[in-house]
Amino acid sequence: MADSAGDTDKPLVEAGKAIRQHANDIVSLWIDRAQQSPEIPFAHRQQLRDHLPSLLEHVGRHLENGRSTLGKRSEAAAESHGRQRWQLGWRLDDVVRDYQTLRPVLIDYLLDQKSLDVTPEVQSAIAELIDEAIVESVQSFLEFQDSFDTVSHRTAAEFSAIISSSADAIISMDIDGTIQSWNHAAQRIYGYEEAEAIGQSGRIIHSGERLDEFDTLLNTVKRGHSIESTDTTRVTKDGKEVAVAVSASPIRNRDGEVIGCSTIAHDISDRVRAAEALKRALEDAETANRTKGRFLANVSHELRSPMNAIVGMLSLALDEDLTTEVRDNLQVAQEAVRQLNQLVDDLLDVSKLDAGSFKLEDGPFSLRSALDETMRLASLRAYQKGIEIACQIDSEVPDALISDSLRLQQVLNNLVNNAVKFTERGEVLVEVSLVEANDSDCQIAFRVSDTGIGISREDREKIFAPFAQADASSTRQFGGSGLGLSIASHLVACLGGELTVESELGKGSIFSFVGYFRRNGDEPRLETPAVTRQHMQDVSALVVDDHEANRAIVQELLSNWGIQARGVETGEEALQELQEGLEQDRPYQLAIVDALMPRKNGFELIEEIVELDNGPPASILMISPSDRTMLRDQCDSVPADAFLEKPISQSSLFNTVASVLTEGETVEAKPVGLGGLATPQRSLSVLVVEDTKANQRVVQRVLERRGHQCTLAGNGREAIEYARERSFDVILMDVQMPVMDGFQATAAIREWESRAQLLPTPIIAITAHAMQGDRDRCLAAGMSDYIAKPLDILELAQVVEKHGLLAGTPSQPGINLTPQHDNNPSTPTSSEVAESIDLSGVLKRLRGDRGLLADLAACYLEDYQGLLQAVEDGANAGDTAEARRNAHSLKNLAMTFNAEQSSRLATEMEELLADGHQQASLQKLPVLTSACNQLADLLRPYAGDSAT
């Protein structure tokens, strides 16, 4: 009986094994079949594919056991399948279709297996198993739906309460934008009751200009996309705009289709008001900053105007022949004014840095000259305190650089002056070294060290803050505003570096930074016609100085020039070395002796040197402090050939050594006064427009000493009247004046000159404004140049004479400047420009061929008048191209002789003609003619008999 039963179940067993072993193949077959049935969604197929392997495992196992009912595990699998489908939002018919699709797939697979005997009984058993799976799954689906419905009513109520209590306006709309739900926050924000809003279009809360925004929102949501929170505005029931941040999301049915949208709007009115308040505050701050800028400019003017008078009068007084005591007193006063002026500059710099308007103004400069000036300014106070100050520059550091030299000096002045201020004994040393360089750029390291009071660790960062010092008590002891290091730190950053400090209390400080500079061509050589470096090759020198740094600096400089230098520390060592040199037939030609040394000072040493048995060195040079007042009597009596002031610079040492080696006169650095300037070629007529009487007097005194005539005006209106009544060579124009300021007066004068077709008179701005861009503003207003207060009397004289002599005498008011030529255009007139030539450079290019120089000079004399006439004829005829060609030829002729003014004016003429400015070129022609005539007179002696 059992065997019969086993034989009967054998096909079922074999079918069950096949289903279990090939479950994955059956699943793949179902997938292929499903792809041909578009009514089965892809997501459904993926879910069924994950579920089928376990179901087929159970079906196969039950077939192997000869039973046609599902066990608990298969029931659980069917129930799980039903729950999953419900949770995914499928319909009941989708669940049934899953299993119905599986039945033919499974039967077809078994029929394809030739090794199997798939009888009708097997097919019926499989159908029964699949149907039971459908029943279990459907039951699970329905039971889960019923249980969820019970829960969902409670959940829906809770969800509704959450929406109602939300502080944000939550609105749902159908696919056409009709409002379906409206919470309490929407009622509060927009003013519509729920009953009023539901059924209305969502456009009711959009203004006319925002309707496109509503359409865009609907279209975006219809495509199934969400909209992130966006700041916008909506309109309330009473027509007021309210600022909101709106987000939107699509609403989908169980099939995943978009059936509407929900929006959440957050009232951001408070945030918008805060932003507007912040904007107003920023505008008020900017207004306050501009007001501060104007205030600083006004304060600058008010402070600099009296300082200008003081500085000017002191400079004029120091230019006189004074007693020593009076000169010393005036120099003290001058130093006090300089410190006051520095404080004003610091305040202005802080304002510019704070406003972000600070910019460097690059230009060519000599690094060593800038350092020399810095050291010289600090040396007086250093030697008064009895401390040494020195500057050591490595020989490989380039000298010709391009950067903002004034700002570099400002940094170094601050660091060196601070070092001197906080050092009571010892030394201040400035060291300059090369970090990296190529043909166009270089990095240079600066290091300022002292042996002063030092800075504690906790105070090192504080010292770079504005108005701060390491110790507030130091302000009372040492003075200072606390601005210097803050400004220096910002300036170093502008130079591309960072200002750092190393310090310990009681052990001094080291401030250092690296600056980035452009190089400015070839390096200058220190040579004189009488002494070149070749002359120094056989010179031996002894350097006597107790200060190691100074001694090393002098030795290094001398060695760089080829001098064999040896250094000793004391007077006793010096006498011994000089004596040994004489005895060993290697005498020293030069002795350089420091004046102030312990035990045996320099004066005593020199007295003993000249008494040496076998004769003293050929030349003795004494190094003395920059303040030699207390040593004047001793300096006058000591038998030294020359004096050199500390701190020692490369140029001063070279010039002094060159002087003593050629038996020249004693070299002493003296301040250059007005008398040191070349005598002007003619007297100028200058209109001085300045509202301060003291400043008027300073300018008048300076210019009258130079032989010029001054007319005084107290404001811009007076200046206009004077300019219309008579002609001036130069107008000096103060910028800030009552009645009418300098900018307004300049504009009026330029407009009048243009209408009268007059050449513009040079107008030079005199201003206390020191803010960035003031120079550009002056030039843009029609001014020719710019001088800042407090005035430097040398700069004042040089700028006035440069523009006055260059421009020549302008024509009388009201007279048209049509060019007029007489029969002898080469005769110089009083209106000529100050032309000069550099024949040494010309001869260098000609390899010293003076015959060729004579031929070139003769060519100029033969051609220049015809070229000038051709320029005039072409301009008058409107043929600017021809006129320009002749101006170009004239420029080339002038450049042959390095004639600066003629070539410059011809270039300007060429540019005017190139731009089509016919009338302007005719106005410039008299000035160009004057320059060319003077060049002809300069060349005539070199032309020989070939020129007539």
# chains A, B, ... in the order shown; residues from 1 in each chain; ligands from 1
call {"tool": "residues_around", "arguments": {"residues": "A:Asp372", "least_positions_apart": "6", "cutoff": "12 Å", "atoms": "only C-alpha atoms", "output": "PDB file with C-alpha atoms, in the first residue's frame"}}
result
ATOM      1  CA  SER A 366      66.989 103.606  -4.039  1.00  0.00           C
ATOM      2  CA  ALA A 378      66.616 108.160  14.308  1.00  0.00           C
ATOM      3  CA  SER A 379      70.294 108.666  15.048  1.00  0.00           C
ATOM      4  CA  ILE A 389      72.561 102.571  16.030  1.00  0.00           C
ATOM      5  CA  ALA A 390      73.698 100.868  12.825  1.00  0.00           C
ATOM      6  CA  CYS A 391      72.418  99.487   9.546  1.00  0.00           C
ATOM      7  CA  GLN A 392      73.972  96.462   7.855  1.00  0.00           C
ATOM      8  CA  ILE A 393      72.948  95.724   4.264  1.00  0.00           C
ATOM      9  CA  GLN A 409      60.216 104.067   5.153  1.00  0.00           C
ATOM     10  CA  LEU A 412      61.150 101.167   9.126  1.00  0.00           C
ATOM     11  CA  ASN A 413      60.871 104.574  10.818  1.00  0.00           C
ATOM     12  CA  VAL A 430      68.899  97.144  11.291  1.00  0.00           C
ATOM     13  CA  GLU A 645      78.640 111.028  10.901  1.00  0.00           C
ATOM     14  CA  LYS A 646      76.953 107.990  12.333  1.00  0.00           C
ATOM     15  CA  PRO A 647      74.955 106.026  11.352  1.00  0.00           C
ATOM     16  CA  ILE A 648      77.290 105.134   8.509  1.00  0.00           C
ATOM     17  CA  SER A 649      75.823 104.736   5.036  1.00  0.00           C
ATOM     18  CA  GLN A 650      77.428 103.261   1.951  1.00  0.00           C
ATOM     19  CA  SER A 651      77.311 106.493  -0.053  1.00  0.00           C
ATOM     20  CA  SER A 652      78.562 108.756   2.732  1.00  0.00           C
ATOM     21  CA  LEU A 653      81.457 106.412   3.529  1.00  0.00           C
TER      22      LEU A 653
END
call {"tool": "residues_around", "arguments": {"residues": "stretch 579-595 of chain A", "least_positions_apart": "6", "cutoff": "10 Å", "atoms": "only C-alpha atoms", "output": "NGL selection string"}}
result
:A and (538-547 or 550-551 or 554 or 563-571 or 573 or 601-606 or 609 or 612-625 or 631 or 634-635 or 640 or 642-646 or 657 or 660-661)
call {"tool": "residues_around", "arguments": {"residues": "A:Gly916", "least_positions_apart": "4", "cutoff": "10 Å", "atoms": "only C-alpha atoms", "output": "list of chain:residue names"}}
result
A:Ala875, A:Gly878, A:Asp879, A:Thr880, A:Ala881, A:Arg884, A:Glu910, A:Glu911, A:Leu912, A:Ala920, A:Ser921
call {"tool": "select_by_dssp", "arguments": {"residues": "stretch 248-469 of chain A", "states": "strand (DSSP E or B)", "output": "ChimeraX atom specification"}}
result
/A:248-252,258-267,363-366,388-393,400-403,427-437,441-450
call {"tool": "decode", "arguments": {"residues": "stretch 705-744 of chain A", "atoms": "N, CA and C atoms", "output": "compact mmCIF listing (two decimals), in the first residue's frame"}}
result
# COMPACT_ATOMS: atom_id res chain seq x y z
N ARG A 705 62.71 134.72 -2.54
CA ARG A 705 64.14 134.40 -2.41
C ARG A 705 64.70 133.80 -3.70
N ARG A 706 63.84 133.14 -4.44
CA ARG A 706 64.26 132.56 -5.71
C ARG A 706 64.15 133.56 -6.86
N GLY A 707 63.74 134.80 -6.55
CA GLY A 707 63.67 135.83 -7.57
C GLY A 707 62.35 135.91 -8.30
N HIS A 708 61.31 135.26 -7.77
CA HIS A 708 60.01 135.27 -8.44
C HIS A 708 59.09 136.32 -7.83
N GLN A 709 58.08 136.73 -8.58
CA GLN A 709 57.11 137.73 -8.13
C GLN A 709 55.80 137.04 -7.76
N CYS A 710 55.24 137.42 -6.62
CA CYS A 710 54.03 136.76 -6.11
C CYS A 710 52.87 137.73 -6.04
N THR A 711 51.70 137.26 -6.42
CA THR A 711 50.44 137.97 -6.21
C THR A 711 49.58 137.12 -5.30
N LEU A 712 49.01 137.70 -4.23
CA LEU A 712 48.30 136.94 -3.21
C LEU A 712 46.79 137.05 -3.39
N ALA A 713 46.09 135.91 -3.29
CA ALA A 713 44.62 135.87 -3.31
C ALA A 713 44.16 135.04 -2.13
N GLY A 714 43.04 135.47 -1.50
CA GLY A 714 42.59 134.82 -0.27
C GLY A 714 41.57 133.73 -0.48
N ASN A 715 41.00 133.61 -1.69
CA ASN A 715 40.02 132.55 -1.96
C ASN A 715 39.93 132.32 -3.46
N GLY A 716 39.12 131.35 -3.84
CA GLY A 716 39.02 130.98 -5.24
C GLY A 716 38.42 132.05 -6.12
N ARG A 717 37.47 132.82 -5.58
CA ARG A 717 36.84 133.86 -6.38
C ARG A 717 37.84 134.94 -6.74
N GLU A 718 38.68 135.34 -5.79
CA GLU A 718 39.72 136.33 -6.09
C GLU A 718 40.69 135.78 -7.13
N ALA A 719 40.98 134.48 -7.04
CA ALA A 719 41.91 133.88 -8.00
C ALA A 719 41.37 133.98 -9.42
N ILE A 720 40.07 133.74 -9.60
CA ILE A 720 39.48 133.82 -10.93
C ILE A 720 39.59 135.24 -11.48
N GLU A 721 39.32 136.22 -10.62
CA GLU A 721 39.41 137.62 -11.06
C GLU A 721 40.83 137.98 -11.48
N TYR A 722 41.82 137.57 -10.68
CA TYR A 722 43.21 137.86 -11.04
C TYR A 722 43.59 137.16 -12.35
N ALA A 723 43.16 135.87 -12.51
CA ALA A 723 43.53 135.12 -13.71
C ALA A 723 42.96 135.74 -14.97
N ARG A 724 41.81 136.39 -14.87
CA ARG A 724 41.21 137.02 -16.05
C ARG A 724 41.83 138.38 -16.35
N GLU A 725 42.37 139.02 -15.31
CA GLU A 725 42.92 140.37 -15.50
C GLU A 725 44.33 140.35 -16.06
N ARG A 726 45.12 139.34 -15.68
CA ARG A 726 46.52 139.33 -16.09
C ARG A 726 47.00 137.88 -16.22
N SER A 727 48.16 137.72 -16.84
CA SER A 727 48.69 136.38 -17.04
C SER A 727 49.68 136.02 -15.94
N PHE A 728 49.77 134.72 -15.65
CA PHE A 728 50.71 134.21 -14.65
C PHE A 728 51.43 133.01 -15.24
N ASP A 729 52.66 132.82 -14.80
CA ASP A 729 53.40 131.63 -15.21
C ASP A 729 52.91 130.39 -14.47
N VAL A 730 52.53 130.56 -13.20
CA VAL A 730 52.08 129.45 -12.36
C VAL A 730 51.02 129.98 -11.40
N ILE A 731 50.03 129.13 -11.08
CA ILE A 731 49.06 129.43 -10.03
C ILE A 731 49.19 128.36 -8.96
N LEU A 732 49.50 128.79 -7.73
CA LEU A 732 49.51 127.89 -6.58
C LEU A 732 48.13 127.98 -5.92
N MET A 733 47.40 126.85 -5.88
CA MET A 733 46.00 126.87 -5.48
C MET A 733 45.77 125.99 -4.26
N ASP A 734 45.42 126.63 -3.12
CA ASP A 734 45.02 125.84 -1.95
C ASP A 734 43.67 125.18 -2.27
N VAL A 735 43.47 123.96 -1.80
CA VAL A 735 42.27 123.23 -2.15
C VAL A 735 41.09 123.65 -1.29
N GLN A 736 41.29 123.82 0.00
CA GLN A 736 40.18 124.07 0.92
C GLN A 736 40.24 125.52 1.38
N MET A 737 39.26 126.31 0.90
CA MET A 737 39.22 127.75 1.22
C MET A 737 37.77 128.18 1.37
N PRO A 738 37.53 129.28 2.06
CA PRO A 738 36.17 129.81 2.14
C PRO A 738 35.76 130.46 0.82
N VAL A 739 34.48 130.81 0.72
CA VAL A 739 33.88 131.48 -0.45
C VAL A 739 33.84 130.54 -1.65
N MET A 740 35.03 130.14 -2.16
CA MET A 740 35.12 129.20 -3.28
C MET A 740 36.40 128.39 -3.12
N ASP A 741 36.28 127.04 -3.16
CA ASP A 741 37.46 126.22 -2.93
C ASP A 741 38.30 126.10 -4.20
N GLY A 742 39.43 125.40 -4.06
CA GLY A 742 40.38 125.32 -5.16
C GLY A 742 39.87 124.54 -6.36
N PHE A 743 39.06 123.50 -6.13
CA PHE A 743 38.52 122.71 -7.24
C PHE A 743 37.56 123.56 -8.08
N GLN A 744 36.68 124.30 -7.41
CA GLN A 744 35.73 125.15 -8.14
C GLN A 744 36.46 126.25 -8.91
